[in-house]
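*Asks:* File follows, start00.pdb with PDB, C-alpha atoms:
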ATOM      1  CA  MET A   1      -4.784   3.520 -18.191  1.00  0.00           C
ATOM      2  CA  SER A   2      -3.529  -0.017 -18.644  1.00  0.00           C
ATOM      3  CA  ASN A   3      -2.752  -2.749 -16.161  1.00  0.00           C
ATOM      4  CA  ASP A   4       0.509  -3.203 -18.092  1.00  0.00           C
ATOM      5  CA  ASP A   5       1.636   0.290 -16.978  1.00  0.00           C
ATOM      6  CA  ALA A   6       4.420   0.604 -14.421  1.00  0.00           C
ATOM      7  CA  VAL A   7       3.226   1.555 -10.942  1.00  0.00           C
ATOM      8  CA  LEU A   8       3.963   5.139  -9.878  1.00  0.00           C
ATOM      9  CA  LEU A   9       3.887   5.896  -6.143  1.00  0.00           C
ATOM     10  CA  ASP A  10       2.309   8.955  -4.524  1.00  0.00           C
ATOM     11  CA  LEU A  11       3.318   9.087  -0.849  1.00  0.00           C
ATOM     12  CA  ASN A  12       2.289  12.717  -0.276  1.00  0.00           C
ATOM     13  CA  VAL A  13      -0.943  12.324   1.712  1.00  0.00           C
ATOM     14  CA  PRO A  14      -0.394  13.977   5.120  1.00  0.00           C
ATOM     15  CA  ALA A  15      -2.098  11.196   7.140  1.00  0.00           C
ATOM     16  CA  PHE A  16       0.124   8.590   5.478  1.00  0.00           C
ATOM     17  CA  GLU A  17       3.300  10.688   5.835  1.00  0.00           C
ATOM     18  CA  LYS A  18       2.648  11.277   9.544  1.00  0.00           C
ATOM     19  CA  LYS A  19       2.460   7.541  10.301  1.00  0.00           C
ATOM     20  CA  LEU A  20       5.389   6.761   7.983  1.00  0.00           C
ATOM     21  CA  PHE A  21       7.631   9.257   9.791  1.00  0.00           C
ATOM     22  CA  GLU A  22       6.692   7.700  13.150  1.00  0.00           C
ATOM     23  CA  LEU A  23       8.072   4.256  12.205  1.00  0.00           C
ATOM     24  CA  ASP A  24      11.288   3.021  13.789  1.00  0.00           C
ATOM     25  CA  ALA A  25      14.355   2.638  11.554  1.00  0.00           C
ATOM     26  CA  GLY A  26      14.018  -1.132  11.146  1.00  0.00           C
ATOM     27  CA  GLU A  27      10.406  -0.877  10.031  1.00  0.00           C
ATOM     28  CA  VAL A  28      11.231   2.011   7.680  1.00  0.00           C
ATOM     29  CA  ARG A  29      13.769  -0.210   5.897  1.00  0.00           C
ATOM     30  CA  LYS A  30      11.141  -2.937   5.403  1.00  0.00           C
ATOM     31  CA  VAL A  31       8.540  -0.478   4.122  1.00  0.00           C
ATOM     32  CA  PHE A  32      10.989   1.217   1.739  1.00  0.00           C
ATOM     33  CA  LYS A  33      12.027  -2.184   0.394  1.00  0.00           C
ATOM     34  CA  THR A  34       8.356  -2.703  -0.515  1.00  0.00           C
ATOM     35  CA  PHE A  35       8.240   0.747  -2.159  1.00  0.00           C
ATOM     36  CA  GLN A  36      11.244  -0.266  -4.293  1.00  0.00           C
ATOM     37  CA  LYS A  37       9.520  -3.514  -5.221  1.00  0.00           C
ATOM     38  CA  LEU A  38       6.318  -1.677  -6.192  1.00  0.00           C
ATOM     39  CA  GLN A  39       8.198   0.718  -8.479  1.00  0.00           C
ATOM     40  CA  ALA A  40       9.583  -2.253 -10.404  1.00  0.00           C
ATOM     41  CA  LEU A  41       6.136  -3.805 -10.990  1.00  0.00           C
ATOM     42  CA  THR A  42       3.300  -3.314 -13.438  1.00  0.00           C
ATOM     43  CA  TRP A  43      -0.257  -3.140 -12.143  1.00  0.00           C
ATOM     44  CA  ASN A  44      -0.917  -6.717 -13.309  1.00  0.00           C
ATOM     45  CA  GLU A  45       2.058  -7.874 -11.238  1.00  0.00           C
ATOM     46  CA  VAL A  46       0.772  -5.995  -8.172  1.00  0.00           C
ATOM     47  CA  PHE A  47      -2.601  -7.713  -8.451  1.00  0.00           C
ATOM     48  CA  ARG A  48      -0.966 -11.174  -8.660  1.00  0.00           C
ATOM     49  CA  ASP A  49       1.776 -10.702  -6.048  1.00  0.00           C
ATOM     50  CA  HIS A  50       1.039 -12.948  -3.051  1.00  0.00           C
ATOM     51  CA  GLY A  51       3.314 -10.966  -0.708  1.00  0.00           C
ATOM     52  CA  LEU A  52       1.490  -7.669  -1.278  1.00  0.00           C
ATOM     53  CA  ARG A  53      -1.966  -9.204  -0.841  1.00  0.00           C
ATOM     54  CA  TRP A  54      -3.891  -6.581  -2.831  1.00  0.00           C
ATOM     55  CA  GLU A  55      -7.437  -6.561  -1.400  1.00  0.00           C
ATOM     56  CA  GLN A  56     -10.440  -4.312  -1.954  1.00  0.00           C
ATOM     57  CA  VAL A  57     -11.920  -2.617   1.104  1.00  0.00           C
ATOM     58  CA  LYS A  58     -15.522  -3.839   0.919  1.00  0.00           C
ATOM     59  CA  LYS A  59     -17.005  -0.796   2.657  1.00  0.00           C
ATOM     60  CA  GLU A  60     -15.198   1.673   0.361  1.00  0.00           C
ATOM     61  CA  PRO A  61     -15.329   0.955  -3.390  1.00  0.00           C
ATOM     62  CA  GLY A  62     -12.165   2.041  -5.203  1.00  0.00           C
ATOM     63  CA  THR A  63     -10.100   1.678  -2.036  1.00  0.00           C
ATOM     64  CA  PHE A  64      -7.661  -1.184  -1.502  1.00  0.00           C
ATOM     65  CA  THR A  65      -5.124  -2.442   1.006  1.00  0.00           C
ATOM     66  CA  ILE A  66      -1.671  -3.895   0.481  1.00  0.00           C
ATOM     67  CA  ARG A  67       0.896  -5.300   2.859  1.00  0.00           C
ATOM     68  CA  LEU A  68       3.955  -3.088   3.285  1.00  0.00           C
ATOM     69  CA  SER A  69       5.640  -5.361   5.860  1.00  0.00           C
ATOM     70  CA  LYS A  70       4.709  -8.225   8.158  1.00  0.00           C
ATOM     71  CA  SER A  71       3.447  -5.640  10.643  1.00  0.00           C
ATOM     72  CA  TYR A  72       1.899  -2.922   8.454  1.00  0.00           C
ATOM     73  CA  ARG A  73      -0.817  -2.607   5.815  1.00  0.00           C
ATOM     74  CA  THR A  74      -1.664   0.545   3.921  1.00  0.00           C
ATOM     75  CA  VAL A  75      -4.840   1.827   2.339  1.00  0.00           C
ATOM     76  CA  VAL A  76      -4.324   2.899  -1.272  1.00  0.00           C
ATOM     77  CA  GLU A  77      -6.328   4.190  -4.195  1.00  0.00           C
ATOM     78  CA  ARG A  78      -5.494   3.901  -7.856  1.00  0.00           C
ATOM     79  CA  GLU A  79      -5.598   6.914 -10.136  1.00  0.00           C
ATOM     80  CA  GLY A  80      -4.337   5.914 -13.568  1.00  0.00           C
ATOM     81  CA  ALA A  81      -0.787   4.639 -13.112  1.00  0.00           C
ATOM     82  CA  LEU A  82      -0.539   6.272  -9.650  1.00  0.00           C
ATOM     83  CA  MET A  83      -0.877   4.313  -6.416  1.00  0.00           C
ATOM     84  CA  LEU A  84      -1.992   6.906  -3.863  1.00  0.00           C
ATOM     85  CA  PHE A  85      -1.096   5.964  -0.285  1.00  0.00           C
ATOM     86  CA  GLN A  86      -3.843   7.131   2.100  1.00  0.00           C
ATOM     87  CA  THR A  87      -3.193   5.675   5.557  1.00  0.00           C
ATOM     88  CA  LEU A  88      -0.818   3.290   7.324  1.00  0.00           C
ATOM     89  CA  HIS A  89      -1.984   0.730   9.904  1.00  0.00           C
ATOM     90  CA  LEU A  90      -0.132  -1.409  12.423  1.00  0.00           C
ATOM     91  CA  VAL A  91      -3.234  -3.451  13.209  1.00  0.00           C
ATOM     92  CA  HIS A  92      -4.275  -4.974   9.879  1.00  0.00           C
ATOM     93  CA  ASP A  93      -7.990  -4.780  10.736  1.00  0.00           C
ATOM     94  CA  GLY A  94      -7.552  -1.004  11.077  1.00  0.00           C
ATOM     95  CA  ALA A  95      -6.917  -0.840   7.350  1.00  0.00           C
ATOM     96  CA  TYR A  96     -10.415  -2.203   6.828  1.00  0.00           C
ATOM     97  CA  GLY A  97     -12.099   0.236   9.219  1.00  0.00           C
ATOM     98  CA  GLU A  98     -12.393  -2.389  11.969  1.00  0.00           C
ATOM     99  CA  LYS A  99     -10.872  -2.650  15.456  1.00  0.00           C
TER
END
Could I get this structure in the form of structure tokens?
*Replies:*
Amino acid sequence: MSNDDAVLLDLNVPAFEKKLFELDAGEVRKVFKTFQKLQALTWNEVFRDHGLRWEQVKKEPGTFTIRLSKSYRTVVEREGALMLFQTLHLVHDGAYGEK
């Protein structure tokens, strides 16, 4: 596992899929644009990208959040080159386990 590896996306977690499929068409376009961006990046680029705002969830080691759009953040985990999408949150604090 190297931070120079390309990011591979795993969107197959049921809780994430459920929220993703509930988004309206305009929001889906924004989120999928971010997915396309992520696939073109290495892990080092993800960590440095100011738009994504990669942040560790303090209460859950190994769990992070990134911004998918102005309205949504997602909780992710890293497993090698895979970025595993866990949950999707409209309220950004929800991604951190807060109200």
*Asks:* Put a box with edges along x, y and z around all the listed atoms of region 67-79 of chain A, pad it by 6 Å on each side, then give me its centre and sizes in Å, one decimal, as AutoDock Vina command-line options.
*Replies:*
--center_x -0.3 --center_y -0.7 --center_z 0.3 --size_x 24.0 --size_y 27.1 --size_z 32.8
*Asks:* Could you check the closest approach to Leu68 (chain A) for each of A:Met1, A:Ala40, A:Val28, A:Val7 and tell me which residue wins, using all atoms listed in the file?
*Replies:*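 Selected residue with least distance to Leu68 (chain A): A:Val28.
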*Asks:* Can you translate the PyMOL selection byres ((chain A and resi 75-89) around 8) into the concrete residues it hits in this file, as a list of chain:residue names?
*Replies:*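 Against this file, the PyMOL selection byres ((chain A and resi 75-89) around 8) returns the residues A:Met1, A:Ser2, A:Asp5, A:Ala6, A:Val7, A:Leu8, A:Leu9, A:Asp10, A:Leu11, A:Asn12, A:Val13, A:Ala15, A:Phe16, A:Lys19, A:Leu20, A:Trp43, A:Gly62, A:Thr63, A:Phe64, A:Thr65, A:Ile66, A:Tyr72, A:Arg73, A:Thr74, A:Leu90, A:Val91, A:His92, A:Gly94, A:Ala95.
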*Asks:* Calculate how many Å separate CA of Arg53 (chain A) from CA of Ala25 (chain A), rounding to one decimal.
*Replies:*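 Interatomic distance, CA of Arg53 (chain A) to CA of Ala25 (chain A): 23.7 Å.
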*Asks:* Could you please determine the separation between CA of Pro61 (chain A) and CA of Lys37 (chain A) in Å, to one decimal place?
*Replies:*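 These two atoms are separated by 25.3 Å.
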*Asks:* To one decimal place in Å, what is the distance between CA of Glu60 (chain A) and CA of Lys30 (chain A)?
*Replies:*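 Straight-line distance from CA of Glu60 (chain A) to CA of Lys30 (chain A) works out to 27.2 Å.
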*Asks:* Please evaluate the PyMOL selection byres ((chain A and resi 51) around 10) against the structure above and give the resulting residues as a PyMOL selection string.
*Replies:* chain A and resi 34+46+48-50+52-54+66-70
